[in-house]
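Engineer: Please see the structure below; I have some questions.
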Amino acid sequence: MSLLNVSDLHASVITDDQTQPILKGLNLTVEAGEVHAIMGPNGSGKSTLANVVSGRPGYQVDNGAATLEGSPLLELEPYERAQLGVFLAFQYPVEIPGVSNMEFLKASIDSLARARGEEQPNTAQFMRQVRELASSLDLDPAFLKRGVNEGFSGGEKKRNEIMQLLLLDPKLAVLDETDSGLDIDALKVVAEGVNRYRSASNGVVLITHYQRLLDYIVPDFVHVLSNGQIIESGDKSLALELEAKGYAWLT
Amino acid sequence: MADLTLPAELATPDWLAPTPNAAQTPLPEALHRALNSAAHRERWKYTKAEVFLGATHTAANLPQISGEQQPGIDLQQTTKPVPLVGFDLDQAPEAFARLCYASNILTIDISAPTTEILTLVHASSTVPVLIRVAEGASLTLNEISDCDSDAQQTIWIDLAANAEMKHSRNALDTAGAHWQYLNVRLQRDASYRLHNHVTGCASRRQDIHVLMDGQGAEANLISAGSVEGKTALDQQFTLEHRQPRGRSQQTIHNIVANGGKCSFNGRIHIHAGAAGTDAQLANRNLGMGEHATINTKPELEIYTDDVSCAHGATVGTISQEALFYLLSRGIDQGAAQALLSQGFLRQCIDGPLAESALETLIGGASVGL
Ligand SMILES: Nc1ncnc2c1ncn2[C@@H]1O[C@H](COP(=O)(O)OP(=O)(O)OP(=O)(O)O)[C@@H](O)[C@H]1O
Ligand SMILES: [Mg+2]
């Protein structure tokens, strides 16, 4: 059974006065142990795919299905999807003043444990683990006391997403432009984090505009998403070709 | 609305005679006029004034006091304190009436920097309190209201040049009709910081009047309120900049839920000549559940150029963006909403009374996290 299976997905974005179709019959299969890079022009529907899979409000599924290890996802509440093992690293992580990072992470790890019938981790141990993870991603552990993403730089927010990825250890990681806004050192730190996460039992969908990231996180497949469909798939050499030629030759 | 009236005739004590507007006109008339001015009636728009006015002459006890046994503090019960400078009868006629009705007054003089916290606990209506902090002296004051029926407390604070005060106040009790009046006057370079933590009760009214009466004074008012179920809170804050280069910052967060009723009126008045003033006020209200009533009104009067002033009032619900972020991490709807509303209040909970405020307002401090 595939880790993620998206078949003939049609989805629209709901705006104030209308619904606008964005995904127009998208198919994608990710097996455990694989990394799939998704590239494509601005506005082609990459974030929409990530959002529909994770259940962000504001979208409507018109047709098709998405399953995680065979369980249908699209009918579930966002937190139920997360409890099944879906993780979205946000393109724009949200600031939440007044809720400390540590408190947020504890609430998350406790909910996941509860949903899976596992024991909630001991607080002291948990805090040590989080601090170690923060340091390993060059995040000052003092940040953990601050509000969630509050006053974080763009790069710090992205590293915080990766810290959560490593802590929560989901089955499927959907990373939406986690590389954008990172300097070269931070890019390496983030890529190293994703590589640390990778295992034979999980999978990664990596949305990016830049081939450079794929030098560090080597994908098994590269897909081009254009106008709501995957129009080309290949191995990592496709990314190099796109880097050289752009998207025009495909459409 | 009928005329607002006081419960009994009263005479001006000598020590109050020099107060502006008490001097020129016979007192009952001056008070009646002040109570029924258009501006003042507006301040009572959302709360029935009668029960509060009627209680201004009820007997009052001393608050329970601790921390007064330290060098630099002198407590007196007196009928003849020194005049109140800067206090204007028109601004708070009911507070003025309470001074007149009071058989005596508690004065607390701070003559040196103090190290221990002075604590006042009000278990009922308490006598008017006058706190004077001398030049260069400092005080940390904790004030706790612990009433279960109607009660009134009035406090005047006068900070001399370079005096410093940190004031924490918890009004988390289940009083009936509860009124707290607070008047703070800051002289040159004085600083004042208030952490106000409050719940709704049958009818809770907080009047706060801050006078920036010396150059370079600095005031910080931070307030967190939770108005849940059939309770009400009415906060009337006035901050006057009367001298140059004062800085004031007010941050008021209130959660109103399930039938609660919350009114906030924040008036900033920058007088002519108060150049270089920096005055900021942010009132944010979060409505939750069914039937929350929120009235918030910013009022700005500025009679000087060269000021920096920001005044914002928002009424909203939980941010959907923030909610989705928490949900996407596996936190269920109820827990995520609770985290967000707690976070909203926690931003305004601090100081030495924070722990019990966290306990009551958001059900615990999540220690260490
Ligand atoms: N909440 C929204 N409201 C209105 N339009 C939206 C919304 N979300 C997405 N869209 C529209 O849907 C289309 C696809 O957007 P999407 O964010 O999926 O693109 P993308 O491929 O991620 O682009 P980028 O590379 O710029 O991140 C765009 O035309 C966008 O304007
Ligand atoms: Mg995008």
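Residue numbering restarts at 1 in every chain; chains get A, B, ... in the order shown in the structure tokens, and ligands count up from 1 in that same order.
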What lies within 8 Å of segment 103-111 of chain B using only C-alpha atoms, ignoring chain neighbours under 3 positions off, as a PyMOL selection string?
Structural biologist: chain B and resi 62+72-79+81+99+114+127-135+137-139
Engineer: Please produce a file of those selected residues containing C-alpha atoms, as a compact mmCIF listing (two decimals), in the first residue's frame.
Structural biologist:
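Listed below is the output, again_7.txt:
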# COMPACT_ATOMS: atom_id res chain seq x y z
CA LEU B 62 -9.64 49.42 56.54
CA GLY B 72 10.35 54.15 54.52
CA ILE B 73 6.62 53.46 55.02
CA ASP B 74 4.37 55.50 57.25
CA LEU B 75 0.66 54.67 57.61
CA GLN B 76 -1.90 57.03 59.12
CA GLN B 77 -5.64 57.05 59.52
CA THR B 78 -6.54 60.67 59.30
CA THR B 79 -9.35 63.11 58.71
CA PRO B 81 -4.68 64.67 54.71
CA LEU B 99 -13.84 61.27 49.90
CA THR B 114 11.26 50.12 49.71
CA VAL B 127 -11.75 53.67 53.20
CA PRO B 128 -10.22 55.92 50.58
CA VAL B 129 -6.48 55.36 50.37
CA LEU B 130 -3.92 58.04 49.56
CA ILE B 131 -0.46 56.85 48.67
CA ARG B 132 2.27 59.43 48.35
CA VAL B 133 5.65 58.34 47.10
CA ALA B 134 8.34 60.93 47.83
CA GLU B 135 10.99 62.12 45.42
CA ALA B 137 11.34 56.73 46.54
CA SER B 138 9.85 53.54 45.21
CA LEU B 139 7.11 51.09 46.06
Engineer: Please find the residues contacting ligand 1 at a distance of at most 7 Å between atoms, with only C-alpha atoms and all ligand atoms counted, and report them as an mmCIF file with C-alpha atoms, in the first residue's frame.
Structural biologist:
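Below is the file part-v2.cif, written as the result:
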data_model
loop_
_atom_site.group_PDB
_atom_site.id
_atom_site.type_symbol
_atom_site.label_atom_id
_atom_site.label_comp_id
_atom_site.auth_asym_id
_atom_site.auth_seq_id
_atom_site.Cartn_x
_atom_site.Cartn_y
_atom_site.Cartn_z
ATOM 1 C CA VAL A 13 -10.030 27.824 -3.741
ATOM 2 C CA ILE A 14 -13.023 29.512 -2.144
ATOM 3 C CA THR A 15 -12.878 33.272 -2.343
ATOM 4 C CA ILE A 22 -6.943 25.203 -9.071
ATOM 5 C CA GLY A 40 6.335 24.517 -11.063
ATOM 6 C CA PRO A 41 5.511 28.112 -11.892
ATOM 7 C CA ASN A 42 4.042 30.536 -9.351
ATOM 8 C CA GLY A 43 0.339 30.029 -8.985
ATOM 9 C CA SER A 44 0.351 26.566 -10.500
ATOM 10 C CA GLY A 45 -1.230 24.978 -7.406
ATOM 11 C CA LYS A 46 1.698 23.614 -5.372
ATOM 12 C CA SER A 47 0.624 25.156 -2.069
ATOM 13 C CA THR A 48 -2.969 24.285 -2.878
ATOM 14 C CA LEU A 49 -1.984 20.633 -3.078
ATOM 15 C CA GLY A 58 -10.699 27.786 2.327
#
Engineer: Within 7 Å of chain A, which residues of chain B show up when using only C-alpha atoms, listed as a PyMOL selection string?
Structural biologist: chain B and resi 321-322+324-325+327-332+339-340+343-344+346-347+369
Engineer: Please provide the set of residues having any atom within 10 Å of segment 222-226 of chain A, restricted to only C-alpha atoms, with same-chain residues fewer than 6 positions apart removed, written as a PyMOL selection string.
Structural biologist: chain A and resi 22-24+26+28+35-46+49+205-207+214+232-239+242+247+250-251
Engineer: Could you give me, as number ranges by chain, each residue of segment 24-116 of chain A that DSSP assigns to strand (DSSP E) when run on this structure's backbone?
Structural biologist: A: 24-30, 35-39, 59-68, 71-72, 86-89, 96-100
Engineer: Atom CA of Asp185 of chain A to atom CA of Leu213 of chain A: how many Å, to one decimal?
Structural biologist: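 Taking atom CA of Asp185 of chain A and atom CA of Leu213 of chain A, their separation equals 11.8 Å.
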Engineer: Using DSSP assignments from the backbone, pull out every residue in segment 26-122 of chain A that falls under alpha helix (DSSP H) and give it to me as a PyMOL selection string.
Structural biologist: chain A and resi 46-54+78-84+101-115
Engineer: Neighbouring residues of segment 241-254 of chain B were defined as those with any atom within 7 Å, considering only C-alpha atoms; residues of the same chain fewer than 6 positions away were excluded. Please report them as number ranges by chain.
Structural biologist: B: 211-226, 269-271, 273-286, 345, 348
Engineer: Taking into account only C-alpha atoms, which residue in the set A:Ala65, A:Ala200, A:Leu139, A:Val52 is nearest to Glu31 of chain A?
Structural biologist: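 Among the listed residues, the smallest separation from Glu31 of chain A belongs to A:Ala200.
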Engineer: Extract, using only C-alpha atoms, all DNA, RNA and protein residues at most 8 Å from Ala60 of chain B, discarding same-chain residues fewer than 2 positions from it, and format them as a list in words.
Structural biologist: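 After dropping sequence-adjacent residues, the list is Thr58, Leu62, Ala102, Ser124, Ser125, Thr126 and Val127 of chain B.
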Engineer: Could you give me, as a PyMOL selection string, the residues within 12 Å of Ala49 of chain B, counting only C-alpha atoms and dropping anything in the same chain fewer than 6 positions from it?
Structural biologist: chain B and resi 1-7+35-36+40-43+55-56+94+177-179+203-205+234
Engineer: Atom CA of Gly193 of chain A to atom CA of Leu175 of chain A: how many Å, to one decimal?
Structural biologist: 12.1 Å
Engineer: Record the distance separating atom CA of Ala186 of chain A and atom CA of Val204 of chain A, expressed in Å with one decimal.
Structural biologist: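 Answer for the atom CA of Ala186 of chain A to atom CA of Val204 of chain A separation: 19.3 Å.
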